[in-house]
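**Q** Input file: target-v3.txt. Contents: compact mmCIF, C-alpha atoms.
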```
# COMPACT_ATOMS: atom_id res chain seq x y z
CA MET N 17 45.97 -38.77 -27.00
CA VAL N 18 45.81 -37.46 -23.46
CA PHE N 19 47.92 -34.44 -24.47
CA GLU N 20 45.53 -33.62 -27.32
CA GLU N 21 42.48 -33.79 -24.97
CA GLU N 22 44.19 -31.47 -22.49
CA THR N 23 45.05 -29.03 -25.29
CA GLN N 24 41.43 -29.04 -26.54
CA ARG N 25 40.11 -28.51 -23.01
CA SER N 26 42.53 -25.62 -22.47
CA ASN N 27 41.50 -23.99 -25.74
CA ARG N 28 37.83 -24.41 -24.86
CA ASP N 29 38.36 -22.82 -21.44
CA GLU N 30 40.14 -19.85 -23.02
CA SER N 31 37.31 -19.44 -25.50
CA LEU N 32 34.69 -19.50 -22.75
CA GLU N 33 36.68 -17.00 -20.71
CA LYS N 34 36.88 -14.59 -23.66
CA ARG N 35 33.23 -15.12 -24.52
CA PHE N 36 31.79 -14.74 -21.04
CA GLY N 37 34.37 -12.41 -19.52
CA LYS N 38 32.00 -9.47 -19.95
CA ILE N 39 29.19 -11.39 -18.23
CA LEU N 40 31.37 -12.20 -15.23
CA LYS N 41 32.39 -8.55 -14.92
CA ILE N 42 28.74 -7.43 -14.93
CA ARG N 43 27.89 -10.05 -12.31
CA ARG N 44 30.79 -8.81 -10.14
CA ILE N 45 29.47 -5.24 -10.40
CA CYS N 46 26.00 -6.36 -9.27
CA LEU N 47 27.42 -8.26 -6.30
CA GLN N 48 29.47 -5.25 -5.27
CA THR N 49 26.39 -3.02 -5.57
CA ILE N 50 24.10 -5.03 -3.28
CA ARG N 51 26.63 -5.44 -0.49
CA PRO N 52 25.89 -3.44 2.68
CA VAL N 53 27.36 0.03 2.43
CA ILE N 54 29.63 1.57 5.04
CA PRO N 55 28.01 4.46 6.96
CA ARG N 56 29.10 7.86 5.73
CA SER N 57 30.66 8.75 9.04
CA ASP N 58 32.97 5.74 8.78
CA CYS N 59 33.81 6.54 5.16
CA ARG N 60 34.91 10.07 6.03
CA ASN N 61 37.10 8.96 8.92
CA ARG N 62 38.72 5.93 7.28
CA PRO N 63 41.68 6.65 4.94
CA MET N 64 41.99 4.70 1.71
CA ASN N 65 44.80 2.15 1.81
CA GLU N 66 46.74 0.75 -1.12
CA ALA N 67 44.52 -2.34 -1.42
CA ASP N 68 41.38 -0.19 -1.67
CA ALA N 69 43.05 2.03 -4.26
CA GLY N 70 44.06 -0.99 -6.30
CA ARG N 71 40.55 -2.47 -6.22
CA LYS N 72 39.07 0.88 -7.23
CA ALA N 73 41.48 1.16 -10.16
CA GLU N 74 40.67 -2.37 -11.33
CA LYS N 75 36.88 -1.88 -11.09
CA PRO N 76 35.43 -2.09 -14.64
CA GLU N 77 33.08 0.51 -16.03
CA PRO N 78 29.37 -0.42 -16.19
CA PRO N 79 28.18 -1.57 -19.63
CA ARG N 80 26.68 1.03 -21.99
CA THR N 81 23.14 0.20 -22.99
CA GLY N 82 21.29 1.01 -26.16
CA GLY N 83 17.64 1.87 -26.51
CA ASP N 84 16.65 -1.81 -26.78
CA GLY N 85 18.11 -2.80 -23.43
CA ILE N 86 21.17 -4.59 -24.89
CA ALA N 87 24.62 -4.04 -23.44
CA GLU N 88 27.16 -2.87 -25.96
CA GLY N 89 30.72 -4.19 -25.79
CA LYS N 90 33.77 -4.69 -27.96
CA GLY N 91 33.48 -7.08 -30.86
CA SER N 92 30.52 -9.41 -30.78
CA VAL N 93 30.06 -9.46 -27.01
CA ARG N 94 26.43 -8.52 -26.28
CA GLN N 95 24.71 -9.19 -23.01
CA THR N 96 20.98 -8.83 -22.44
CA ILE N 97 20.30 -6.97 -19.20
CA THR N 98 17.19 -5.99 -17.35
CA ALA N 99 15.12 -3.25 -18.89
CA ARG N 100 14.88 -1.49 -15.55
CA THR N 101 18.44 -0.46 -14.85
CA GLY N 102 17.31 1.28 -11.66
CA ASP N 103 16.25 -1.93 -9.91
CA ILE N 104 19.60 -2.06 -8.11
CA GLY N 105 20.42 1.40 -6.87
CA ASP N 106 19.47 3.54 -3.92
CA GLU N 107 16.73 1.08 -3.01
CA ALA N 108 19.30 -1.71 -2.66
CA THR N 109 21.22 -0.48 0.39
CA GLY N 110 21.38 2.49 2.69
CA LEU N 111 17.60 2.79 3.10
CA MET N 112 17.73 3.00 6.88
CA GLU N 113 19.81 6.18 6.65
CA LYS N 114 16.96 7.70 4.64
CA VAL N 115 14.37 6.57 7.19
CA VAL N 116 16.08 8.41 10.07
CA ARG N 117 16.65 11.66 8.18
CA ARG N 118 15.35 14.75 9.92
CA GLU N 119 13.01 15.83 7.10
CA LYS N 120 11.46 12.35 6.92
CA LEU N 121 10.85 12.28 10.65
CA LEU N 122 9.35 15.77 10.76
CA GLU N 123 6.92 14.83 7.98
CA ALA N 124 6.15 11.55 9.75
CA HIS N 125 5.45 13.43 13.00
CA ARG N 126 3.12 15.82 11.17
CA ARG N 127 1.14 12.90 9.71
CA VAL N 128 0.90 11.05 13.02
CA VAL N 129 -0.40 14.16 14.80
CA ARG N 130 -2.83 14.92 11.96
CA ASN N 131 -4.22 11.36 11.97
CA ASP N 132 -4.49 11.42 15.77
CA GLY N 133 -5.86 8.00 16.73
CA ALA N 134 -6.10 6.06 19.96
CA PRO N 135 -3.03 5.33 22.10
CA GLY N 136 -1.26 1.97 21.98
CA VAL N 137 -0.44 -0.45 24.77
CA ASP N 138 1.71 2.13 26.60
CA GLY N 139 -1.10 4.68 26.78
CA MET N 140 0.94 7.49 25.16
CA THR N 141 -1.06 9.98 23.06
CA VAL N 142 0.13 12.00 20.08
CA ASP N 143 0.28 15.11 22.29
CA ASN N 144 3.18 13.56 24.21
CA LEU N 145 5.08 12.31 21.16
CA TRP N 146 7.25 15.39 20.61
CA GLY N 147 8.53 15.44 24.18
CA TYR N 148 9.20 11.70 24.08
CA CYS N 149 11.23 12.03 20.87
CA ARG N 150 13.37 14.87 22.27
CA GLU N 151 14.33 12.64 25.18
CA HIS N 152 14.64 9.18 23.60
CA TRP N 153 15.10 9.62 19.84
CA SER N 154 18.92 9.44 19.87
CA ARG N 155 18.72 5.96 21.40
CA HIS N 156 16.06 4.78 18.93
CA ARG N 157 18.11 6.17 16.04
CA GLU N 158 21.15 4.15 17.04
CA GLU N 159 19.00 1.04 17.40
CA LEU N 160 17.51 1.52 13.94
CA LEU N 161 20.89 2.08 12.28
CA GLY N 162 22.30 -0.93 14.12
CA GLY N 163 19.35 -3.17 13.25
CA THR N 164 18.47 -3.87 16.90
CA TYR N 165 15.22 -1.90 17.24
CA HIS N 166 12.25 -3.91 18.55
CA SER N 167 8.68 -2.66 18.26
CA TRP N 168 6.09 -2.66 21.01
CA PRO N 169 3.10 -5.05 20.90
CA VAL N 170 -0.02 -3.73 19.19
CA ARG N 171 -3.33 -3.30 20.96
CA LYS N 172 -6.09 -5.47 19.54
CA VAL N 173 -9.58 -4.04 19.03
CA ASP N 174 -12.70 -5.46 17.36
CA ILE N 175 -14.69 -3.36 14.88
CA PRO N 176 -17.91 -4.80 13.36
CA LYS N 177 -17.89 -5.04 9.57
CA PRO N 178 -20.66 -3.31 7.60
CA GLY N 179 -23.66 -5.56 7.15
CA GLY N 180 -22.86 -7.71 10.15
CA THR N 181 -20.64 -10.09 8.16
CA GLY N 182 -18.04 -10.32 10.92
CA VAL N 183 -15.52 -8.17 12.73
CA ARG N 184 -12.29 -6.49 11.77
CA MET N 185 -9.39 -6.87 14.17
CA PRO N 186 -7.08 -3.91 13.60
CA GLY N 187 -3.99 -3.56 15.73
CA ILE N 188 -3.21 -0.13 17.19
CA PRO N 189 0.57 0.48 17.39
CA THR N 190 2.11 2.83 19.89
CA VAL N 191 2.62 6.41 18.72
CA GLN N 192 6.42 6.07 18.62
CA ASN N 193 6.05 3.00 16.41
CA ARG N 194 3.64 4.92 14.20
CA LEU N 195 6.26 7.65 13.81
CA ILE N 196 8.91 5.20 12.60
CA GLN N 197 6.41 3.37 10.40
CA GLN N 198 5.37 6.62 8.73
CA ALA N 199 9.01 7.45 7.99
CA LEU N 200 9.51 3.94 6.63
CA LEU N 201 6.41 4.31 4.47
CA GLN N 202 7.80 7.48 2.84
CA VAL N 203 10.90 5.53 1.79
CA LEU N 204 9.12 2.38 0.57
CA HIS N 205 6.45 4.11 -1.53
CA PRO N 206 8.75 5.53 -4.24
CA ILE N 207 10.55 2.19 -4.57
CA PHE N 208 7.46 0.09 -5.25
CA ALA N 209 5.25 2.71 -6.94
CA ALA N 210 7.16 2.24 -10.19
CA ILE N 211 6.24 -1.46 -10.42
CA PHE N 212 2.63 -1.33 -9.23
CA SER N 213 -0.13 -1.73 -11.80
CA ASP N 214 -1.90 1.31 -13.21
CA ALA N 215 -5.20 -0.39 -12.28
CA SER N 216 -4.30 -0.52 -8.56
CA PHE N 217 -5.82 2.40 -6.62
CA GLY N 218 -5.76 1.29 -2.98
CA PHE N 219 -3.69 3.34 -0.52
CA ARG N 220 -1.39 4.91 -3.10
CA PRO N 221 -0.29 8.57 -3.08
CA GLY N 222 -2.07 10.61 -5.73
CA ARG N 223 -4.84 8.00 -6.14
CA SER N 224 -8.21 7.74 -4.43
CA THR N 225 -11.51 5.90 -4.47
CA HIS N 226 -12.81 8.58 -6.85
CA ASP N 227 -10.14 7.63 -9.39
CA GLY N 228 -11.00 3.95 -8.96
CA VAL N 229 -14.74 4.33 -9.55
CA ARG N 230 -14.14 6.62 -12.53
CA ARG N 231 -11.86 4.00 -14.09
CA ALA N 232 -14.54 1.37 -13.49
CA GLN N 233 -17.14 3.66 -15.08
CA ALA N 234 -14.88 4.08 -18.14
CA ASN N 235 -14.53 0.31 -18.51
CA MET N 236 -18.31 -0.08 -18.52
CA THR N 237 -18.74 2.74 -21.04
CA GLU N 238 -16.49 0.84 -23.46
CA GLY N 239 -19.04 -1.99 -23.62
CA ARG N 240 -17.92 -4.28 -20.80
CA ARG N 241 -21.31 -4.61 -19.14
CA TRP N 242 -20.52 -7.64 -16.94
CA VAL N 243 -18.32 -7.56 -13.86
CA VAL N 244 -16.39 -10.28 -12.03
CA ASP N 245 -16.58 -9.06 -8.43
CA MET N 246 -13.74 -10.93 -6.72
CA ASP N 247 -12.96 -10.75 -3.01
CA LEU N 248 -10.17 -12.59 -1.19
CA GLU N 249 -11.23 -14.57 1.85
CA LYS N 250 -9.78 -13.27 5.14
CA PHE N 251 -6.94 -11.63 3.26
CA PHE N 252 -5.68 -9.52 6.17
CA ASP N 253 -5.77 -12.46 8.60
CA ARG N 254 -4.07 -15.02 6.31
CA LEU N 255 -1.32 -12.93 4.77
CA ASN N 256 1.79 -15.12 4.69
CA HIS N 257 4.86 -13.38 6.11
CA ASP N 258 7.43 -15.50 4.25
CA VAL N 259 5.78 -14.95 0.88
CA LEU N 260 5.51 -11.21 1.50
CA MET N 261 9.15 -10.90 2.55
CA ALA N 262 10.25 -12.87 -0.53
CA ARG N 263 8.55 -10.28 -2.71
CA ALA N 264 9.87 -7.33 -0.71
CA VAL N 265 13.46 -8.51 -1.03
CA ARG N 266 13.19 -8.21 -4.81
CA ARG N 267 13.46 -4.43 -4.46
CA VAL N 268 14.82 -3.86 -0.94
CA LYS N 269 18.32 -5.11 -0.12
CA ASP N 270 18.90 -3.29 3.16
CA LYS N 271 18.76 -6.06 5.76
CA ARG N 272 17.97 -3.59 8.53
CA VAL N 273 14.83 -2.39 6.72
CA LEU N 274 13.78 -5.95 5.90
CA GLY N 275 14.25 -6.94 9.54
CA LEU N 276 12.22 -3.93 10.69
CA ILE N 277 9.36 -4.87 8.33
CA LEU N 278 9.37 -8.45 9.56
CA ARG N 279 9.33 -7.35 13.21
CA TYR N 280 6.33 -5.14 12.53
CA LEU N 281 4.53 -8.05 10.87
CA GLN N 282 5.33 -10.37 13.78
CA ALA N 283 4.63 -7.83 16.53
CA TRP N 284 2.76 -9.47 19.38
CA MET N 285 -0.93 -8.71 19.86
CA MET N 286 -2.17 -7.58 23.28
CA GLU N 287 -5.77 -8.18 24.34
CA ASP N 288 -7.08 -7.76 27.88
CA GLY N 289 -3.55 -7.56 29.25
CA LEU N 290 -2.41 -10.80 27.59
CA VAL N 291 0.01 -10.93 24.64
CA SER N 292 0.05 -13.57 21.93
CA PRO N 293 2.45 -14.10 19.01
CA ARG N 294 1.34 -13.67 15.40
CA THR N 295 2.72 -15.90 12.63
CA GLN N 296 0.48 -14.75 9.79
CA GLY N 297 -1.67 -11.79 8.83
CA THR N 298 -1.00 -8.08 9.12
CA PRO N 299 -2.54 -5.55 11.52
CA GLN N 300 -4.90 -3.20 9.68
CA GLY N 301 -3.90 -0.18 11.75
CA ALA N 302 -0.17 0.07 10.94
CA PRO N 303 0.87 2.72 8.36
CA PRO N 304 3.04 0.34 6.22
CA SER N 305 0.29 -2.31 6.00
CA PRO N 306 -1.34 -0.94 2.79
CA VAL N 307 1.88 -0.86 0.77
CA LEU N 308 2.82 -4.33 2.03
CA ARG N 309 -0.55 -5.68 0.91
CA ASN N 310 -0.08 -4.08 -2.52
CA ILE N 311 3.34 -5.75 -2.77
CA LEU N 312 1.77 -9.17 -2.19
CA LEU N 313 -1.12 -8.62 -4.61
CA ASP N 314 1.07 -7.16 -7.36
CA ASP N 315 1.48 -10.67 -8.79
CA LEU N 316 -2.30 -10.87 -9.23
CA ASP N 317 -2.29 -7.52 -11.05
CA LYS N 318 0.49 -8.67 -13.36
CA GLU N 319 -1.42 -11.88 -14.16
CA LEU N 320 -4.56 -9.92 -15.06
CA GLU N 321 -2.54 -7.56 -17.23
CA ARG N 322 -0.86 -10.50 -18.96
CA ARG N 323 -4.30 -11.87 -19.86
CA GLY N 324 -5.39 -8.48 -21.20
CA HIS N 325 -8.25 -7.93 -18.74
CA ARG N 326 -9.70 -4.54 -17.82
CA PHE N 327 -9.89 -4.37 -14.05
CA VAL N 328 -9.80 -2.09 -11.02
CA ARG N 329 -8.33 -3.22 -7.71
CA TYR N 330 -8.59 -1.43 -4.38
CA ALA N 331 -6.83 -3.38 -1.60
CA ASP N 332 -8.36 -6.88 -1.66
CA ASP N 333 -11.47 -5.82 -3.66
CA CYS N 334 -11.00 -6.46 -7.37
CA ASN N 335 -13.52 -5.89 -10.19
CA ILE N 336 -12.80 -7.33 -13.65
CA TYR N 337 -14.97 -6.09 -16.53
CA VAL N 338 -15.89 -8.43 -19.41
CA LYS N 339 -18.40 -8.41 -22.29
CA SER N 340 -20.47 -11.53 -21.47
CA LYS N 341 -21.51 -13.66 -18.53
CA ALA N 342 -19.83 -16.73 -20.01
CA ALA N 343 -16.53 -14.86 -20.18
CA GLY N 344 -17.01 -13.74 -16.58
CA ASP N 345 -17.62 -17.31 -15.39
CA ARG N 346 -14.43 -18.48 -17.12
CA VAL N 347 -12.40 -15.65 -15.61
CA LEU N 348 -13.69 -16.29 -12.09
CA ALA N 349 -13.06 -20.04 -12.38
CA SER N 350 -9.48 -19.45 -13.51
CA LEU N 351 -8.81 -16.85 -10.83
CA GLU N 352 -10.02 -19.22 -8.12
CA ARG N 353 -6.99 -21.35 -8.94
CA PHE N 354 -4.47 -18.51 -9.23
CA PRO N 355 -4.48 -17.23 -5.59
CA GLY N 356 -3.65 -20.81 -4.56
CA LYS N 357 -0.14 -20.12 -5.86
CA VAL N 358 0.16 -17.66 -2.96
CA PRO N 359 -0.06 -19.77 0.23
CA ARG N 360 -3.20 -19.31 2.39
CA LEU N 361 -4.93 -16.96 -0.04
CA SER N 362 -8.21 -18.00 -1.63
CA VAL N 363 -11.20 -16.40 -3.36
CA ASP N 364 -14.23 -15.91 -1.12
CA ARG N 365 -16.90 -17.76 -3.13
CA ASP N 366 -19.75 -16.50 -0.92
CA ILE N 367 -19.01 -12.85 -1.79
CA SER N 368 -17.44 -13.13 -5.25
CA ALA N 369 -19.85 -13.31 -8.19
CA VAL N 370 -20.42 -12.52 -11.87
CA ASN N 371 -23.24 -10.04 -12.39
CA ARG N 372 -24.31 -6.76 -13.94
CA PRO N 373 -22.39 -3.81 -12.48
CA ARG N 374 -25.61 -2.04 -11.46
CA ARG N 375 -26.39 -4.95 -9.11
CA ARG N 376 -23.00 -4.97 -7.41
CA LYS N 377 -21.47 -2.47 -4.99
CA PHE N 378 -17.89 -1.26 -5.46
CA LEU N 379 -16.22 1.20 -3.07
CA GLY N 380 -19.61 2.32 -1.80
CA TYR N 381 -20.98 3.10 -5.29
CA ARG N 382 -23.36 1.58 -7.79
CA VAL N 383 -24.15 2.54 -11.40
CA THR N 384 -27.34 3.12 -13.35
CA TRP N 385 -28.63 0.90 -16.16
CA HIS N 386 -27.89 3.43 -18.93
CA HIS N 387 -25.59 2.67 -21.86
CA ASP N 388 -23.37 5.44 -20.49
CA PRO N 389 -23.71 4.43 -16.81
CA LYS N 390 -23.82 7.11 -14.13
CA LEU N 391 -22.49 6.76 -10.62
CA LYS N 392 -24.81 6.72 -7.64
CA VAL N 393 -24.46 5.99 -3.96
CA ALA N 394 -25.07 2.37 -3.02
CA PRO N 395 -28.09 1.79 -0.74
CA GLU N 396 -25.83 0.10 1.81
CA SER N 397 -23.75 3.28 2.11
CA VAL N 398 -26.87 5.41 2.60
CA ASN N 399 -28.19 3.04 5.28
CA ARG N 400 -24.95 3.23 7.25
CA PHE N 401 -24.95 7.02 7.00
CA GLU N 402 -28.56 7.25 8.21
CA ASP N 403 -27.83 4.87 11.09
CA LYS N 404 -25.00 7.11 12.20
CA LEU N 405 -27.25 10.16 12.08
CA ARG N 406 -29.97 8.39 14.06
CA GLU N 407 -27.45 7.44 16.74
CA THR N 408 -26.42 11.09 17.07
CA PHE N 409 -30.02 12.31 17.17
CA ARG N 410 -30.83 9.91 20.01
CA GLN N 411 -28.16 11.62 22.10
CA VAL N 412 -29.50 15.15 21.47
CA ARG N 413 -31.48 15.36 24.70
CA GLY N 414 -29.70 17.53 27.25
CA ARG N 415 -27.27 19.09 24.77
CA SER N 416 -27.32 22.43 23.03
CA LEU N 417 -28.07 22.79 19.34
CA SER N 418 -24.64 24.29 18.64
CA THR N 419 -22.95 21.23 20.14
CA VAL N 420 -24.98 18.86 17.95
CA VAL N 421 -24.31 20.90 14.82
CA LYS N 422 -20.60 20.96 15.63
CA GLU N 423 -20.62 17.18 16.00
CA LEU N 424 -22.63 16.50 12.86
CA GLY N 425 -20.71 18.94 10.65
CA PRO N 426 -17.59 16.81 10.07
CA VAL N 427 -19.71 13.68 9.53
CA ILE N 428 -21.90 15.27 6.86
CA ARG N 429 -19.04 17.06 5.12
CA GLY N 430 -16.95 13.89 5.09
CA TRP N 431 -19.80 11.84 3.61
CA VAL N 432 -20.49 14.43 0.91
CA ALA N 433 -16.78 14.61 0.01
CA CYS N 434 -16.58 10.81 -0.17
CA PHE N 435 -19.47 10.56 -2.66
CA ARG N 436 -18.86 13.78 -4.54
CA PRO N 437 -18.55 12.08 -7.99
CA ALA N 438 -22.12 10.72 -7.66
CA PRO N 439 -25.28 12.83 -8.06
CA VAL N 440 -26.19 12.35 -4.41
CA LYS N 441 -29.42 14.39 -4.53
CA GLU N 442 -30.81 12.37 -7.42
CA PHE N 443 -30.32 9.18 -5.43
CA TYR N 444 -33.09 10.05 -2.98
CA GLU N 445 -35.46 10.72 -5.88
CA GLU N 446 -34.92 7.26 -7.40
CA PRO N 447 -36.53 4.08 -6.06
CA ILE N 448 -34.05 1.71 -4.44
CA GLU N 449 -33.85 -1.60 -6.29
```
Just give me the structure as structure tokens.
**A**
Amino acid sequence: MVFEEETQRSNRDESLEKRFGKILKIRRICLQTIRPVIPRSDCRNRPMNEADAGRKAEKPEPPRTGGDGIAEGKGSVRQTITARTGDIGDEATGLMEKVVRREKLLEAHRRVVRNDGAPGVDGMTVDNLWGYCREHWSRHREELLGGTYHSWPVRKVDIPKPGGTGVRMPGIPTVQNRLIQQALLQVLHPIFAAIFSDASFGFRPGRSTHDGVRRAQANMTEGRRWVVDMDLEKFFDRLNHDVLMARAVRRVKDKRVLGLILRYLQAWMMEDGLVSPRTQGTPQGAPPSPVLRNILLDDLDKELERRGHRFVRYADDCNIYVKSKAAGDRVLASLERFPGKVPRLSVDRDISAVNRPRRRKFLGYRVTWHHDPKLKVAPESVNRFEDKLRETFRQVRGRSLSTVVKELGPVIRGWVACFRPAPVKEFYEEPIE
């Protein structure tokens, strides 16, 4: 009896091995793919020994896939694999080598100089960045490749929010940190752009506020004349680092890049000469912050797409367009529960509401009451622009006209470019509601 049980168990094991042998081979390939790669310099200098040659000869070929995402094998062996075969590839390992490439750094330097900005805690300006890099970049490069680079603290500043609803607390990194962050941003964007929602327009290359408001206008033209204006409460201040890193590791397998992202998130904040640690939130002044926020909110986009909603999201501002107020109330009530799945994120009930689109402001715009709504500048945006002009006019005394015109020129041109899709002139001819 015992012999018969052992024989049956042995036959069953052989059957399982034949049946799932292909699956185990695919799993082995994936594990070999996500392991840290050896730097190219080491690969060129290290000869291949007999053990390496044997392992290379025994390595199975990757499974061939058909158009339906099913792996094809001999006999009846078929293994369902992910539809996105590129999820484990260049983005898995070796990212830091891309970050420190010369072309990436030159482009990052050009962007940092173009954006200018205030100096960080060390007082270095963008004018001194090139000379600093020529002297110290070789050391920073070795630290980045070795995973030992540590960022400087960020300088905390307070900027009042429009309407007096509070203050923003952006952190200003040092210019050398901005250089590395810009290079890191160029590498991260292509990896995550493929998975972001088509309705997400905030801080993405090739997309702008103009594209976002035009998409919102198209949703209203299709008959969705009610909007769920949803805003997340203190999103930048309550962003959970662990949750964000758990989502980043889905696409990024290079531990050095993941460690660099985490160190930027946890960089100490300096205010009045005193530094304090940060365990949550993200500084609003760092270049990678926008893409990191989009990574965290991508789950919200996927949930809205799964429900079949028409929406437009720009950073933490999200407008969902429905056909009735009752539908809007149901959507808002359900979404108030969804952000709770992401720790420390909640819907701001004081700002979020269900209303007609013409009575809500989105990205500085409002719409008219027509069946085919037209874009117009929101009164709040006009008031802020006029306040800025008044402040400049008060300082005219004692200065030449050419100096004032030179100062006002960029302000006026920037405002006109920002609201170009709206008939700005017609706005002043209409009464403000």
**Q** Which residue, N:Asp288, N:Glu119, N:Glu319, N:Asp332, has the smallest gap to Met246 in chain N when you use all atoms listed in the file?
**A** N:Asp332
**Q** What's around range 300-311 of chain N at 8 Å? Count all atoms listed in the file, leave out sequence neighbours fewer than 6 positions away in its own chain, and write the answer as JSON, numbers by chain.
**A** {"N": [185, 186, 187, 188, 189, 194, 197, 198, 200, 201, 204, 205, 208, 212, 218, 219, 220, 252, 260, 263, 264, 331]}
**Q** Sort by chain and increasing residue number a table of all residues of range 181-287 of chain N within 8 Å of range 336-342 of chain N, each with its closest pair of atoms and their distance in Å to one decimal, counting only C-alpha atoms, and write it as a tab-separated table.
**A**
```
residue	atom	partner	partner_atom	distance
N:Asn235	CA	N:Tyr337	CA	6.7
N:Met236	CA	N:Tyr337	CA	7.2
N:Gly239	CA	N:Lys339	CA	6.6
N:Arg240	CA	N:Lys339	CA	4.4
N:Arg241	CA	N:Lys339	CA	5.7
N:Trp242	CA	N:Val338	CA	5.3
N:Val243	CA	N:Tyr337	CA	4.5
N:Val244	CA	N:Ile336	CA	4.9
N:Asp245	CA	N:Ile336	CA	6.7
N:Met246	CA	N:Ile336	CA	7.9
```
**Q** Can I get the selection written as a PDB file, in the frame of the given file, with C-alpha atoms?
**A**
```
ATOM      1  CA  ASN N 235     -14.530   0.310 -18.510  1.00  0.00           C
ATOM      2  CA  MET N 236     -18.310  -0.080 -18.520  1.00  0.00           C
ATOM      3  CA  GLY N 239     -19.040  -1.990 -23.620  1.00  0.00           C
ATOM      4  CA  ARG N 240     -17.920  -4.280 -20.800  1.00  0.00           C
ATOM      5  CA  ARG N 241     -21.310  -4.610 -19.140  1.00  0.00           C
ATOM      6  CA  TRP N 242     -20.520  -7.640 -16.940  1.00  0.00           C
ATOM      7  CA  VAL N 243     -18.320  -7.560 -13.860  1.00  0.00           C
ATOM      8  CA  VAL N 244     -16.390 -10.280 -12.030  1.00  0.00           C
ATOM      9  CA  ASP N 245     -16.580  -9.060  -8.430  1.00  0.00           C
ATOM     10  CA  MET N 246     -13.740 -10.930  -6.720  1.00  0.00           C
TER      11      MET N 246
END
```
**Q** Grab the CA of Arg413 in chain N to CA of Trp431 in chain N distance for me, in Å with one decimal place.
**A**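 Atom-to-atom, CA of Arg413 in chain N to CA of Trp431 in chain N, that is 24.4 Å.
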**Q** So what do you get for CA of Ala438 in chain N versus CA of Asp366 in chain N, distance-wise?
**A**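 Separation of CA of Ala438 in chain N and CA of Asp366 in chain N: 28.1 Å.
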**Q** As a ChimeraX atom specification, please: the residues near Val137 in chain N (cut-off 8 Å, all atoms listed in the file, same-chain neighbours under 3 positions excluded).
**A** /N:168-171,189-190,286
**Q** Please identify all polymer residues within 8 Å of Ala124 in chain N, counting all atoms listed in the file, omitting same-chain residues fewer than 5 positions from it, and present them as an MDAnalysis selection string.
**A** chainID N and resid 195:196 198:199
**Q** Pick from N:Arg266, N:Lys404, N:Phe251, N:Ala343: nearest to Thr298 in chain N, with all atoms listed in the file counted?
**A** N:Phe251
**Q** Smallest atom-to-atom distance to Val142 in chain N: which of N:Arg272, N:Arg126, N:Arg254, N:Arg436, using only C-alpha atoms?
**A** N:Arg126
**Q** In terms of the shortest atom-to-atom distance over all atoms listed in the file, which of N:Phe354, N:Pro293, N:Lys114, N:Tyr381 is closest to Val203 in chain N?
**A**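 Counting all atoms listed in the file, the residue closest to Val203 in chain N is N:Lys114.
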**Q** Any idea what's packed within 9 Å of Leu248 in chain N, counting only C-alpha atoms, ignoring anything in its chain fewer than 2 positions away? Could you give it as a CSV table (one decimal) with C-alpha atoms, in the frame of the given file?
**A**
```csv
chain,number,residue,atom,x,y,z
N,246,MET,CA,-13.7,-10.9,-6.7
N,250,LYS,CA,-9.8,-13.3,5.1
N,251,PHE,CA,-6.9,-11.6,3.3
N,332,ASP,CA,-8.4,-6.9,-1.7
N,333,ASP,CA,-11.5,-5.8,-3.7
N,334,CYS,CA,-11.0,-6.5,-7.4
N,355,PRO,CA,-4.5,-17.2,-5.6
N,361,LEU,CA,-4.9,-17.0,0.0
N,362,SER,CA,-8.2,-18.0,-1.6
N,363,VAL,CA,-11.2,-16.4,-3.4
N,364,ASP,CA,-14.2,-15.9,-1.1
N,365,ARG,CA,-16.9,-17.8,-3.1
N,367,ILE,CA,-19.0,-12.8,-1.8
N,368,SER,CA,-17.4,-13.1,-5.2
```
**Q** Which is closest to Asp138 in chain N among N:Leu122, N:Leu276, N:Val191, N:Leu290, if we use only C-alpha atoms?
**A** N:Val191
**Q** How far is it from CA of Glu396 in chain N to CA of Val420 in chain N, in Å with one decimal?
**A**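 These atoms are spaced 24.8 Å apart.
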